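Enquirer: Quick one, protein-v9.csv (CSV, C-alpha atoms and all ligand atoms):
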chain,number,residue,atom,x,y,z
Z,1,MET,CA,-3.1,-8.0,-23.0
Z,2,ILE,CA,-1.2,-10.3,-20.7
Z,3,ALA,CA,0.6,-13.1,-22.4
Z,4,SER,CA,-0.6,-16.6,-21.6
Z,5,PHE,CA,3.0,-17.5,-20.8
Z,6,PRO,CA,4.2,-14.6,-18.6
Z,7,HIS,CA,7.9,-14.2,-17.9
Z,8,ALA,CA,7.3,-13.1,-14.4
Z,9,GLU,CA,4.4,-12.9,-12.0
Z,10,THR,CA,3.4,-11.4,-8.7
Z,11,VAL,CA,1.5,-13.8,-6.6
Z,12,ILE,CA,-0.9,-12.2,-4.1
Z,13,ASP,CA,-2.0,-14.3,-1.1
Z,14,LEU,CA,-5.5,-13.2,-0.2
Z,15,GLY,CA,-5.4,-15.5,2.8
Z,16,ALA,CA,-2.5,-13.5,4.1
Z,17,VAL,CA,-4.5,-10.2,3.6
Z,18,ARG,CA,-7.4,-11.7,5.5
Z,19,HIS,CA,-5.1,-12.9,8.3
Z,20,ASN,CA,-3.5,-9.4,8.6
Z,21,VAL,CA,-6.9,-7.6,8.6
Z,22,SER,CA,-8.2,-9.9,11.3
Z,23,LEU,CA,-5.0,-9.3,13.4
Z,24,LEU,CA,-5.4,-5.5,13.0
Z,25,ALA,CA,-9.1,-5.7,13.8
Z,26,ALA,CA,-8.2,-7.6,17.0
Z,27,LYS,CA,-5.5,-5.1,17.9
Z,28,ALA,CA,-8.0,-2.3,17.4
Z,29,ALA,CA,-10.9,-4.0,19.1
Z,30,GLY,CA,-13.6,-1.4,19.7
Z,31,ALA,CA,-12.7,0.5,16.6
Z,32,GLU,CA,-13.7,-0.2,13.0
Z,33,VAL,CA,-11.0,-1.0,10.4
Z,34,MET,CA,-10.7,1.1,7.2
Z,35,GLY,CA,-8.5,-0.9,4.8
Z,36,VAL,CA,-6.5,1.5,2.8
Z,37,VAL,CA,-6.4,0.4,-0.8
Z,38,LYS,CA,-5.0,3.4,-2.6
Z,39,GLY,CA,-2.4,3.0,-5.3
Z,40,ASP,CA,-4.1,-0.2,-6.5
Z,41,ALA,CA,-3.9,-1.6,-3.0
Z,42,TYR,CA,-0.2,-0.8,-2.8
Z,43,GLY,CA,0.4,-2.8,-6.0
Z,44,HIS,CA,-1.6,-5.8,-4.9
Z,45,GLY,CA,-4.8,-5.1,-6.9
Z,46,ALA,CA,-7.6,-2.9,-5.3
Z,47,VAL,CA,-10.7,-5.0,-6.0
Z,48,PRO,CA,-9.5,-8.5,-4.8
Z,49,VAL,CA,-7.7,-7.0,-1.8
Z,50,ALA,CA,-10.8,-4.9,-0.9
Z,51,ARG,CA,-13.0,-8.0,-1.1
Z,52,ALA,CA,-10.6,-10.0,1.1
Z,53,ALA,CA,-10.3,-7.1,3.6
Z,54,ALA,CA,-14.1,-6.8,3.8
Z,55,GLU,CA,-14.4,-10.6,4.3
Z,56,ALA,CA,-12.0,-10.3,7.2
Z,57,GLY,CA,-14.0,-7.5,8.9
Z,58,ALA,CA,-12.9,-4.2,7.4
Z,59,THR,CA,-16.1,-2.2,7.4
Z,60,TRP,CA,-14.5,0.7,5.6
Z,61,LEU,CA,-12.2,1.0,2.6
Z,62,GLY,CA,-10.0,4.1,2.0
Z,63,THR,CA,-8.8,5.4,-1.3
Z,64,CYS,CA,-6.9,8.4,-2.5
Z,65,SER,CA,-9.2,9.5,-5.3
Z,66,LEU,CA,-12.8,9.3,-6.2
Z,67,GLN,CA,-11.9,7.3,-9.3
Z,68,GLU,CA,-10.3,4.6,-7.1
Z,69,ALA,CA,-13.5,4.6,-5.0
Z,70,PHE,CA,-15.7,4.3,-8.1
Z,71,ASP,CA,-13.8,1.3,-9.2
Z,72,LEU,CA,-14.6,-0.4,-5.9
Z,73,ARG,CA,-18.3,0.5,-6.1
Z,74,ALA,CA,-18.4,-0.7,-9.7
Z,75,ALA,CA,-16.9,-4.0,-8.6
Z,76,GLY,CA,-19.7,-4.5,-6.0
Z,77,LEU,CA,-18.1,-3.4,-2.8
Z,78,THR,CA,-21.0,-2.1,-0.8
Z,79,GLY,CA,-19.4,-1.0,2.5
Z,80,ARG,CA,-18.3,2.5,3.5
Z,81,LEU,CA,-15.8,4.1,1.1
Z,82,PHE,CA,-13.7,7.1,2.0
Z,83,SER,CA,-11.8,9.2,-0.5
Z,84,TRP,CA,-9.6,12.1,0.5
Z,85,LEU,CA,-7.6,13.7,-2.3
Z,86,ASP,CA,-9.0,15.0,-5.6
Z,87,VAL,CA,-8.0,17.7,-8.1
Z,88,PRO,CA,-9.9,21.0,-7.9
Z,89,GLU,CA,-11.6,20.3,-11.2
Z,90,VAL,CA,-13.4,17.1,-10.0
Z,91,ASP,CA,-17.1,17.0,-9.8
Z,92,PHE,CA,-18.1,15.5,-6.5
Z,93,ALA,CA,-21.7,14.8,-7.5
Z,94,PRO,CA,-21.1,11.3,-8.8
Z,95,GLY,CA,-19.2,10.6,-5.6
Z,96,ILE,CA,-22.1,11.7,-3.4
Z,97,GLU,CA,-24.5,9.7,-5.6
Z,98,ALA,CA,-22.3,6.6,-5.1
Z,99,ASP,CA,-22.3,7.0,-1.3
Z,100,ILE,CA,-18.6,7.8,-1.1
Z,101,ASP,CA,-17.5,9.7,2.0
Z,102,LEU,CA,-15.3,12.7,1.2
Z,103,GLY,CA,-12.3,14.2,3.0
Z,104,VAL,CA,-12.4,18.0,3.3
Z,105,SER,CA,-9.4,20.2,3.9
Z,106,SER,CA,-10.8,23.7,3.3
Z,107,VAL,CA,-13.8,25.9,3.2
Z,108,SER,CA,-13.7,26.2,-0.6
Z,109,GLU,CA,-13.6,22.5,-1.0
Z,110,LEU,CA,-16.5,22.2,1.4
Z,111,ALA,CA,-18.4,24.7,-0.7
Z,112,ARG,CA,-17.8,22.7,-3.8
Z,113,ILE,CA,-19.0,19.6,-2.1
Z,114,ALA,CA,-22.1,21.3,-0.7
Z,115,GLU,CA,-22.9,22.7,-4.1
Z,116,ALA,CA,-22.7,19.2,-5.7
Z,117,ALA,CA,-24.9,17.8,-2.9
Z,118,VAL,CA,-27.6,20.3,-3.8
Z,119,ARG,CA,-27.5,19.2,-7.4
Z,120,VAL,CA,-27.7,15.5,-6.4
Z,121,GLY,CA,-30.4,16.2,-3.9
Z,122,LYS,CA,-28.8,14.1,-1.2
Z,123,PRO,CA,-26.5,15.1,1.7
Z,124,ALA,CA,-22.7,14.7,1.2
Z,125,ARG,CA,-20.9,12.7,3.9
Z,126,VAL,CA,-17.8,14.6,4.8
Z,127,HIS,CA,-14.8,14.0,7.1
Z,128,LEU,CA,-13.1,17.2,8.1
Z,129,LYS,CA,-9.3,16.9,8.1
Z,130,ILE,CA,-7.3,18.9,10.6
Z,131,ASP,CA,-3.6,19.3,9.7
Z,132,THR,CA,-2.0,18.5,13.0
Z,133,GLY,CA,1.6,18.7,11.7
Z,134,LEU,CA,2.2,16.6,8.6
Z,135,SER,CA,1.7,19.8,6.5
Z,136,ARG,CA,0.3,18.0,3.5
Z,137,ASN,CA,-3.4,18.3,3.0
Z,138,GLY,CA,-5.8,19.1,5.9
Z,139,CYS,CA,-6.9,22.4,7.3
Z,140,PRO,CA,-4.4,24.5,9.2
Z,141,PRO,CA,-5.4,24.9,12.9
Z,142,ALA,CA,-5.7,28.7,12.4
Z,143,ASP,CA,-8.5,28.1,9.8
Z,144,TRP,CA,-10.1,25.2,11.6
Z,145,PRO,CA,-12.8,27.1,13.5
Z,146,GLN,CA,-14.0,28.7,10.3
Z,147,LEU,CA,-14.1,25.3,8.5
Z,148,VAL,CA,-16.0,23.7,11.4
Z,149,GLU,CA,-18.5,26.6,11.5
Z,150,ALA,CA,-19.0,26.4,7.8
Z,151,ALA,CA,-19.6,22.7,7.9
Z,152,ALA,CA,-22.0,23.0,10.8
Z,153,ARG,CA,-24.0,25.6,8.9
Z,154,ALA,CA,-23.9,23.9,5.5
Z,155,ARG,CA,-27.1,22.4,4.3
Z,156,ASN,CA,-26.8,19.1,2.5
Z,157,VAL,CA,-23.6,18.2,4.3
Z,158,GLU,CA,-23.3,15.6,7.0
Z,159,VAL,CA,-20.2,15.8,9.1
Z,160,VAL,CA,-19.3,12.1,9.7
Z,161,ALA,CA,-15.8,12.5,11.2
Z,162,VAL,CA,-12.8,14.6,12.2
Z,163,TRP,CA,-9.6,13.1,11.1
Z,164,SER,CA,-5.9,13.6,10.7
Z,165,HIS,CA,-2.7,11.8,9.7
Z,166,LEU,CA,0.6,11.2,11.6
Z,167,ALA,CA,4.0,12.2,10.3
Z,168,ARG,CA,6.2,9.9,12.4
Z,169,ALA,CA,4.1,7.1,13.8
Z,170,ASP,CA,6.7,4.7,12.5
Z,171,GLU,CA,9.0,6.1,15.2
Z,172,PRO,CA,7.2,4.9,18.3
Z,173,GLY,CA,7.7,7.3,21.2
Z,174,HIS,CA,8.6,10.2,19.0
Z,175,GLU,CA,7.4,13.5,20.6
Z,176,SER,CA,5.6,14.6,17.4
Z,177,ILE,CA,3.0,11.8,17.8
Z,178,ASP,CA,1.8,13.3,21.1
Z,179,ALA,CA,2.0,16.8,19.8
Z,180,GLN,CA,-0.2,15.8,16.9
Z,181,ALA,CA,-2.6,13.9,19.2
Z,182,LYS,CA,-3.0,17.0,21.3
Z,183,LEU,CA,-3.8,19.3,18.3
Z,184,PHE,CA,-6.2,16.6,17.2
Z,185,ALA,CA,-8.0,16.6,20.6
Z,186,GLU,CA,-8.3,20.4,20.4
Z,187,ALA,CA,-9.7,20.2,16.9
Z,188,TYR,CA,-12.3,17.7,18.0
Z,189,ASP,CA,-13.3,19.8,20.9
Z,190,THR,CA,-13.8,22.8,18.6
Z,191,ALA,CA,-16.0,20.7,16.4
Z,192,ARG,CA,-18.1,19.6,19.4
Z,193,ALA,CA,-18.4,23.1,20.6
Z,194,ALA,CA,-19.8,24.0,17.2
Z,195,GLY,CA,-22.6,21.5,17.7
Z,196,LEU,CA,-21.1,18.6,15.6
Z,197,ASP,CA,-20.9,15.0,16.9
Z,198,PRO,CA,-18.3,13.5,14.6
Z,199,MET,CA,-16.4,10.2,14.8
Z,200,ARG,CA,-12.6,10.4,14.9
Z,201,HIS,CA,-9.9,8.6,13.0
Z,202,LEU,CA,-6.1,9.1,13.1
Z,203,ALA,CA,-4.2,5.9,13.2
Z,204,ASN,CA,-2.2,4.4,10.2
Z,205,SER,CA,-0.7,1.0,10.5
Z,206,ALA,CA,2.1,2.1,12.8
Z,207,ALA,CA,-0.2,3.8,15.2
Z,208,THR,CA,-2.7,0.9,15.0
Z,209,LEU,CA,0.1,-1.5,16.2
Z,210,THR,CA,1.7,0.8,18.8
Z,211,ARG,CA,-0.8,3.4,20.0
Z,212,PRO,CA,-4.1,1.9,21.3
Z,213,ASP,CA,-4.9,5.3,22.8
Z,214,LEU,CA,-5.1,6.7,19.3
Z,215,HIS,CA,-7.4,4.1,17.8
Z,216,PHE,CA,-10.6,6.2,18.3
Z,217,ASP,CA,-13.6,5.1,16.2
Z,218,VAL,CA,-11.8,3.9,13.0
Z,219,VAL,CA,-8.2,2.9,12.3
Z,220,ARG,CA,-6.7,3.3,8.8
Z,221,PRO,CA,-4.1,0.6,8.2
Z,222,GLY,CA,-2.5,0.3,4.8
Z,223,ILE,CA,0.9,-1.3,4.7
Z,224,ALA,CA,0.2,-3.8,7.6
Z,225,MET,CA,-2.7,-5.2,5.7
Z,226,TYR,CA,-0.2,-6.3,3.1
Z,227,GLY,CA,1.9,-8.0,5.8
Z,228,LEU,CA,4.7,-5.4,5.9
Z,229,ASN,CA,5.3,-4.0,9.3
Z,230,PRO,CA,6.5,-0.4,9.6
Z,231,VAL,CA,7.4,-0.7,13.3
Z,232,PRO,CA,9.6,-3.3,15.0
Z,233,THR,CA,6.8,-5.2,16.8
Z,234,GLU,CA,6.5,-9.0,16.9
Z,235,ASP,CA,3.0,-9.0,15.4
Z,236,ASP,CA,2.5,-12.0,13.1
Z,237,LEU,CA,1.9,-10.1,9.9
Z,238,ARG,CA,2.2,-12.1,6.7
Z,239,PRO,CA,3.6,-10.5,3.5
Z,240,ALA,CA,1.0,-11.1,0.8
Z,241,MET,CA,3.1,-10.5,-2.3
Z,242,SER,CA,5.8,-12.6,-3.8
Z,243,PHE,CA,7.5,-12.0,-7.1
Z,244,ARG,CA,8.4,-15.0,-9.2
Z,245,SER,CA,9.9,-16.1,-12.5
Z,246,SER,CA,11.5,-19.3,-13.7
Z,247,VAL,CA,14.7,-20.5,-15.5
Z,248,VAL,CA,14.5,-20.5,-19.3
Z,249,LEU,CA,18.1,-21.5,-20.1
Z,250,THR,CA,21.1,-23.0,-18.3
Z,251,LYS,CA,24.7,-23.1,-19.5
Z,252,ARG,CA,28.2,-23.8,-18.2
Z,253,VAL,CA,30.8,-21.1,-18.5
Z,254,ALA,CA,34.5,-21.4,-17.9
Z,255,ALA,CA,36.5,-19.5,-15.3
Z,256,GLY,CA,37.3,-16.1,-16.6
Z,257,GLU,CA,34.2,-15.7,-18.8
Z,258,SER,CA,32.2,-12.5,-18.1
Z,259,VAL,CA,28.5,-12.0,-17.9
Z,260,SER,CA,26.0,-9.4,-19.1
Z,261,TYR,CA,26.4,-5.8,-20.3
Z,262,GLY,CA,29.7,-4.1,-19.3
Z,263,HIS,CA,31.1,-7.5,-18.2
Z,264,THR,CA,30.9,-6.3,-14.6
Z,265,TRP,CA,31.0,-9.9,-13.3
Z,266,THR,CA,33.6,-12.6,-14.3
Z,267,ALA,CA,33.3,-16.3,-13.3
Z,268,PRO,CA,35.9,-17.0,-10.7
Z,269,GLN,CA,35.7,-20.7,-11.6
Z,270,ASP,CA,33.8,-22.9,-14.0
Z,271,THR,CA,30.1,-22.5,-13.1
Z,272,THR,CA,26.5,-23.0,-14.2
Z,273,LEU,CA,24.5,-19.9,-15.1
Z,274,ALA,CA,20.7,-19.8,-15.1
Z,275,LEU,CA,18.9,-17.3,-17.3
Z,276,VAL,CA,15.8,-15.7,-15.8
Z,277,PRO,CA,13.5,-13.7,-18.1
Z,278,ALA,CA,12.8,-10.8,-15.8
Z,279,GLY,CA,14.5,-7.5,-15.8
Z,280,TYR,CA,13.9,-3.8,-15.1
Z,281,ALA,CA,10.9,-3.7,-17.4
Z,282,ASP,CA,9.4,-6.2,-15.0
Z,283,GLY,CA,10.2,-4.3,-11.9
Z,284,VAL,CA,13.6,-5.7,-11.0
Z,285,PRO,CA,15.6,-2.5,-10.2
Z,286,ARG,CA,18.8,-2.3,-12.3
Z,287,SER,CA,20.5,-0.7,-9.3
Z,288,LEU,CA,20.3,-4.0,-7.5
Z,289,SER,CA,22.9,-5.3,-10.0
Z,290,GLY,CA,25.8,-6.8,-8.1
Z,291,GLN,CA,23.9,-6.9,-4.8
Z,292,MET,CA,20.9,-9.1,-5.3
Z,293,ASP,CA,20.1,-12.8,-4.6
Z,294,VAL,CA,17.2,-15.0,-5.7
Z,295,LEU,CA,15.8,-18.2,-4.3
Z,296,LEU,CA,16.4,-21.0,-6.8
Z,297,GLY,CA,16.3,-24.7,-6.0
Z,298,GLY,CA,15.8,-24.1,-2.3
Z,299,GLN,CA,18.9,-21.9,-2.0
Z,300,ARG,CA,19.8,-18.2,-2.2
Z,301,ARG,CA,22.0,-17.5,-5.1
Z,302,PRO,CA,23.6,-14.3,-6.4
Z,303,VAL,CA,22.6,-12.5,-9.6
Z,304,ALA,CA,25.7,-12.3,-11.8
Z,305,GLY,CA,26.4,-9.1,-13.6
Z,306,ARG,CA,24.0,-6.4,-14.6
Z,307,ILE,CA,20.2,-6.7,-14.5
Z,308,CYS,CA,19.0,-6.0,-18.1
Z,309,MET,CA,15.6,-4.8,-19.3
Z,310,ASP,CA,14.3,-8.3,-19.9
Z,311,GLN,CA,16.6,-10.7,-18.2
Z,312,LEU,CA,19.0,-11.5,-15.4
Z,313,VAL,CA,21.6,-14.2,-14.9
Z,314,VAL,CA,22.0,-16.3,-11.7
Z,315,ASP,CA,25.2,-17.9,-10.7
Z,316,CYS,CA,24.4,-21.5,-9.6
Z,317,GLY,CA,27.9,-23.0,-9.1
Z,318,ASP,CA,28.0,-26.7,-9.7
Z,319,ASP,CA,24.4,-27.3,-8.6
Z,320,ALA,CA,21.9,-29.0,-10.8
Z,321,VAL,CA,19.4,-26.4,-12.0
Z,322,ARG,CA,17.0,-27.0,-14.7
Z,323,VAL,CA,14.9,-25.1,-17.2
Z,324,GLY,CA,11.5,-24.5,-15.6
Z,325,ASP,CA,12.9,-24.3,-12.1
Z,326,GLU,CA,11.0,-21.6,-10.1
Z,327,VAL,CA,12.9,-18.5,-9.1
Z,328,VAL,CA,11.6,-16.3,-6.2
Z,329,LEU,CA,12.8,-12.7,-6.5
Z,330,PHE,CA,11.2,-11.7,-3.3
Z,331,GLY,CA,8.6,-13.2,-1.0
Z,332,ASN,CA,7.7,-13.5,2.7
Z,333,GLY,CA,11.2,-14.7,3.6
Z,334,ARG,CA,10.1,-17.9,5.2
Z,335,SER,CA,12.0,-20.1,2.7
Z,336,GLY,CA,15.1,-17.9,2.9
Z,337,GLU,CA,14.2,-15.7,-0.2
Z,338,PRO,CA,14.8,-12.0,-0.1
Z,339,THR,CA,11.9,-9.8,1.1
Z,340,ALA,CA,10.6,-6.5,-0.2
Z,341,ARG,CA,12.1,-5.0,2.9
Z,342,GLU,CA,15.5,-6.3,1.9
Z,343,TRP,CA,15.2,-4.8,-1.6
Z,344,ALA,CA,14.1,-1.5,0.0
Z,345,ASP,CA,17.0,-1.4,2.4
Z,346,LYS,CA,19.5,-2.0,-0.4
Z,347,LEU,CA,17.8,0.7,-2.6
Z,348,GLY,CA,17.5,3.3,0.2
Z,349,THR,CA,13.7,3.3,0.2
Z,350,ILE,CA,10.8,1.7,2.0
Z,351,ASP,CA,9.0,-1.6,1.2
Z,352,TYR,CA,5.9,0.5,0.4
Z,353,GLU,CA,7.5,1.7,-2.8
Z,354,ILE,CA,8.8,-1.8,-3.8
Z,355,VAL,CA,5.4,-3.5,-3.7
Z,356,THR,CA,3.5,-0.5,-5.0
Z,357,SER,CA,5.7,-0.3,-8.1
Z,358,MET,CA,5.2,-4.0,-8.9
Z,359,TYR,CA,2.2,-3.5,-11.2
Z,360,ARG,CA,3.6,-3.8,-14.7
Z,361,PRO,CA,1.7,-4.6,-17.9
Z,362,ARG,CA,4.1,-7.4,-18.6
Z,363,VAL,CA,4.0,-9.0,-15.2
Z,364,ARG,CA,1.1,-11.4,-14.5
Z,365,ARG,CA,-0.7,-10.9,-11.2
Z,366,ARG,CA,-2.0,-14.2,-9.8
Z,367,TYR,CA,-4.2,-14.6,-6.7
Z,368,VAL,CA,-4.1,-17.4,-4.3
Z,369,GLY,CA,-6.0,-18.0,-1.1
Z,370,GLU,CA,-9.4,-16.8,-2.3
Z,371,GLN,CA,-12.2,-17.5,0.1
Z,372,VAL,CA,-14.2,-20.4,-1.2
R,401,LIG,C1,-1.7,5.9,3.1
R,401,LIG,C2,-2.5,6.4,4.2
R,401,LIG,C3,-2.8,5.5,5.3
R,401,LIG,C4,-2.2,4.2,5.5
R,401,LIG,O1,-0.8,4.3,5.9
R,401,LIG,P1,0.1,3.1,6.3
R,401,LIG,O2,1.3,3.6,6.8
R,401,LIG,O3,0.3,2.3,5.0
R,401,LIG,O4,-0.7,2.3,7.2
R,401,LIG,C5,-3.7,6.0,6.2
R,401,LIG,N1,-4.2,7.2,6.1
R,401,LIG,C6,-3.9,8.1,5.1
R,401,LIG,C7,-4.6,9.4,5.0
R,401,LIG,C8,-3.1,7.7,4.1
R,401,LIG,O5,-2.8,8.5,3.1
Give the structure from this file in C-alpha cells form.
Ligand SMILES: *Cc1c(COP(=O)(O)O)cnc(C)c1O
Expert:
Amino acid sequence: MIASFPHAETVIDLGAVRHNVSLLAAKAAGAEVMGVVKGDAYGHGAVPVARAAAEAGATWLGTCSLQEAFDLRAAGLTGRLFSWLDVPEVDFAPGIEADIDLGVSSVSELARIAEAAVRVGKPARVHLKIDTGLSRNGCPPADWPQLVEAAARARNVEVVAVWSHLARADEPGHESIDAQAKLFAEAYDTARAAGLDPMRHLANSAATLTRPDLHFDVVRPGIAMYGLNPVPTEDDLRPAMSFRSSVVLTKRVAAGESVSYGHTWTAPQDTTLALVPAGYADGVPRSLSGQMDVLLGGQRRPVAGRICMDQLVVDCGDDAVRVGDEVVLFGNGRSGEPTAREWADKLGTIDYEIVTSMYRPRVRRRYVGEQV
C-alpha cells in the first residue's frame, strides 16, 4: 500500500524511454531491438517500460526469468519475449505455452525443455547460448558441438538463435571483444554445419552504440534504453528516471549548532536548514553523507550531516526556501541536479545499480510522458 502522500517518488519519463529506443533502433538499423527489462526494467517498472519500448519499435523484450516474462504476457505484451536464466526446478511448460523464447546453456537444460514441449504439444523456441568468454552461463566451446547436435536432433524444439554476451563491451577497442566475436562466429558456423539456420544476437547497449559489425539480427540494449550511456559516446540518450522529494520543514540555526546523528556537521555561520523526508529506507545511500548535493530552488545545495533512515537535512544558507519546495535528489542533470552516474561514481559502483535499487515500497513511482 503506497501512501497517498508519498515522502519521495521516482518519476519515470516514458517519452525518454521511447526516444532512447528509437535512437537505438536507428543505430542498429537492419537489426531488431530487444529491449532488456529484467530487474523490473532496471528499477523503472517492467510493464510500462515494456509498453513504451514496444511503441518505439522494440519487437523483442528480454527478461532474466520466466516469471518476469509471464508478468509481461499477463499485462498484454504480445511481441516476442526471451528469457534466459531460470533455476533447475522450473517447469518450462507454461513458458512454452505462453510463447516465450528460452535461452539454453547445456544439453541437460535442452532435454528438460524438450520434455516440457512434448507435454505441451507445441515446439519450444530456443536460443542456444555459447559462452565466448564471460564465463557465466552459456555453453563452453568444448561442449558446443554436442549441444548443437542435440538441438538439431531434438523433436519439439525450434532453434531460433545462437547468442552470447560480452564481458567488456563498455571498454571500446578492448581485445576481448574481438576474441569473443571470433568464438561467436565459430559457434555459429558449427550450428550451420549441423543443419541449423539460426539468427544471431550478441550486442548489449555498449556494443549497440560502438560496434555496428556486431549487431547481427537482434541487439539487446538495456541500460541505454533508460538513458544511461555505458560508453563515452555523444549519443543523445535521455535519462528516464529522476528521484524527488520536497521540503517539509525549514529552520534557522546559529553558527556552531550541529546537525543529525553524530553531529558530523556544524554550521559555520547562521544558516537556514531544510528538512527532506527521504533517507536510506527510501534509497538515499547513507554512505553519501557528507558528499551529496540536491537541487532545491534551482540551485545545488549540500546535504548537512548524516543521512538518516527517513530524513536528510539540506544547508540552504540565507536563501528563501519554503515548505513544499521540490527537491531533486538525482535526475537527468539538465537543470544542474546530480545524476545517477554522479551517485555511482561517489559510491564506487555503476549507475545500473543506482537505478535498479530505486524500487522501494515507500517510494511512489510516477509515470510521465505516456503515449496518448
Ligand atoms: C543485462 C543484459 C543485457 C543488457 O545489458 P546492458 O549493458 O544493460 O545493455 C543484454 N543481454 C544480456 C544477456 C543481459 O543479461
Enquirer: Around ligand LIG 401 (chain R), at most 8 Å away and counting all atoms listed in the file, which residues are there? Put them as a list of chain:residue names, please.
Expert: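 Listed by chain and ascending number, the contacts are Z:Val36, Z:Lys38, Z:Gly62, Z:Cys64, Z:Trp84, Z:Ser164, Z:His165, Z:Asp170, Z:Leu202, Z:Ala203, Z:Asn204, Z:Ser205, Z:Ala206, Z:Arg220, Z:Pro221, Z:Gly222, Z:Ile223, Z:Ala224, Z:Met225, Z:Pro230, Z:Tyr352.
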Enquirer: Could you name the residues that touch stretch 272-284 of chain Z at 7 Å or less, counting all atoms listed in the file, but leaving out those on the same chain fewer than 2 positions away, as a PyMOL selection string?
Expert: chain Z and resi 7-8+245-253+286+307-318+358+360+362-363
Enquirer: Smallest atom-to-atom distance to Z:Ala31: which of Z:Thr356, Z:Thr339, Z:Thr59, Z:Asn156, using all atoms listed in the file?
Expert: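 Of Z:Thr356, Z:Thr339, Z:Thr59, Z:Asn156, the one nearest Z:Ala31, counting all atoms listed in the file, is Z:Thr59.
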Enquirer: Quick one: which stretch 159-187 of chain Z residues come within 10 Å of stretch 130-142 of chain Z, and what is the nearest atom pair for each with the distance in Å to one decimal, counting only C-alpha atoms, rows ordered by chain and ascending number, as JSON lines?
Expert:
{"residue": "Z:Val162", "atom": "CA", "partner": "Z:Ile130", "partner_atom": "CA", "distance": 7.2}
{"residue": "Z:Trp163", "atom": "CA", "partner": "Z:Ile130", "partner_atom": "CA", "distance": 6.3}
{"residue": "Z:Ser164", "atom": "CA", "partner": "Z:Ile130", "partner_atom": "CA", "distance": 5.5}
{"residue": "Z:His165", "atom": "CA", "partner": "Z:Leu134", "partner_atom": "CA", "distance": 6.9}
{"residue": "Z:Leu166", "atom": "CA", "partner": "Z:Leu134", "partner_atom": "CA", "distance": 6.4}
{"residue": "Z:Ala167", "atom": "CA", "partner": "Z:Leu134", "partner_atom": "CA", "distance": 5.0}
{"residue": "Z:Arg168", "atom": "CA", "partner": "Z:Leu134", "partner_atom": "CA", "distance": 8.7}
{"residue": "Z:Ser176", "atom": "CA", "partner": "Z:Gly133", "partner_atom": "CA", "distance": 8.1}
{"residue": "Z:Ile177", "atom": "CA", "partner": "Z:Gly133", "partner_atom": "CA", "distance": 9.3}
{"residue": "Z:Ala179", "atom": "CA", "partner": "Z:Thr132", "partner_atom": "CA", "distance": 8.1}
{"residue": "Z:Gln180", "atom": "CA", "partner": "Z:Thr132", "partner_atom": "CA", "distance": 5.1}
{"residue": "Z:Ala181", "atom": "CA", "partner": "Z:Thr132", "partner_atom": "CA", "distance": 7.7}
{"residue": "Z:Lys182", "atom": "CA", "partner": "Z:Thr132", "partner_atom": "CA", "distance": 8.5}
{"residue": "Z:Leu183", "atom": "CA", "partner": "Z:Thr132", "partner_atom": "CA", "distance": 5.7}
{"residue": "Z:Phe184", "atom": "CA", "partner": "Z:Thr132", "partner_atom": "CA", "distance": 6.2}
{"residue": "Z:Ala185", "atom": "CA", "partner": "Z:Thr132", "partner_atom": "CA", "distance": 9.9}
{"residue": "Z:Glu186", "atom": "CA", "partner": "Z:Pro141", "partner_atom": "CA", "distance": 9.2}
{"residue": "Z:Ala187", "atom": "CA", "partner": "Z:Ile130", "partner_atom": "CA", "distance": 6.9}
Enquirer: At a cut-off of 9 Å from (-17.4, 11.1, 4.8) in the coordinates of the file, what residues are picked up using all atoms listed in the file, written as a PyMOL selection string?
Expert: chain Z and resi 80-84+99-104+124-128+158-161
Enquirer: Atom CA of Z:Tyr367 and atom CA of Z:Gly45, how far apart in Å?
Expert: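 Atom CA of Z:Tyr367 lies at a distance of 9.5 Å from atom CA of Z:Gly45.
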Enquirer: Work out how far apart atom CA of Z:Thr63 and atom CA of Z:Asp86 are and give it in Å to one decimal.
Expert: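 Going from atom CA of Z:Thr63 over to atom CA of Z:Asp86, I get 10.5 Å.
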Enquirer: In Å, how far is it from atom CA of Z:Arg301 to atom CA of Z:Val327?
Expert: 10.0 Å
Enquirer: Let me make sure I understand: among Z:Pro285, Z:Gly95, Z:Gly298, Z:Gly43, which one has the smallest atom-to-atom distance to Z:Val11 if we use all atoms listed in the file?
Expert: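 Selected residue with least distance to Z:Val11: Z:Gly43.
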Enquirer: Find the residue from Z:Pro88, Z:Gly39, Z:Pro172, Z:Gly227 that sits nearest to Z:Ala207; use only C-alpha atoms when measuring.
Expert: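 Nearest to Z:Ala207: Z:Pro172.
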Enquirer: Can you work out which one of Z:Pro6, Z:Pro123, Z:Gly290, Z:Gly35 has the shortest atom-to-atom distance to Z:Arg364, counting all atoms listed in the file?
Expert: Z:Pro6
Enquirer: From the options Z:Leu288, Z:Ala69, Z:Ala16, Z:Ala29, which residue's atoms come nearest to Z:Ala56, counting all atoms listed in the file?
Expert: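 Nearest candidate to Z:Ala56 out of Z:Leu288, Z:Ala69, Z:Ala16, Z:Ala29: Z:Ala16.
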Enquirer: Check the smallest atom-to-atom distance from each of Z:Ile354, Z:Arg365, Z:Glu326, Z:Ala304 to Z:Pro268 using all atoms listed in the file, then report the winner.
Expert: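 Smallest distance to Z:Pro268 is found for Z:Ala304.
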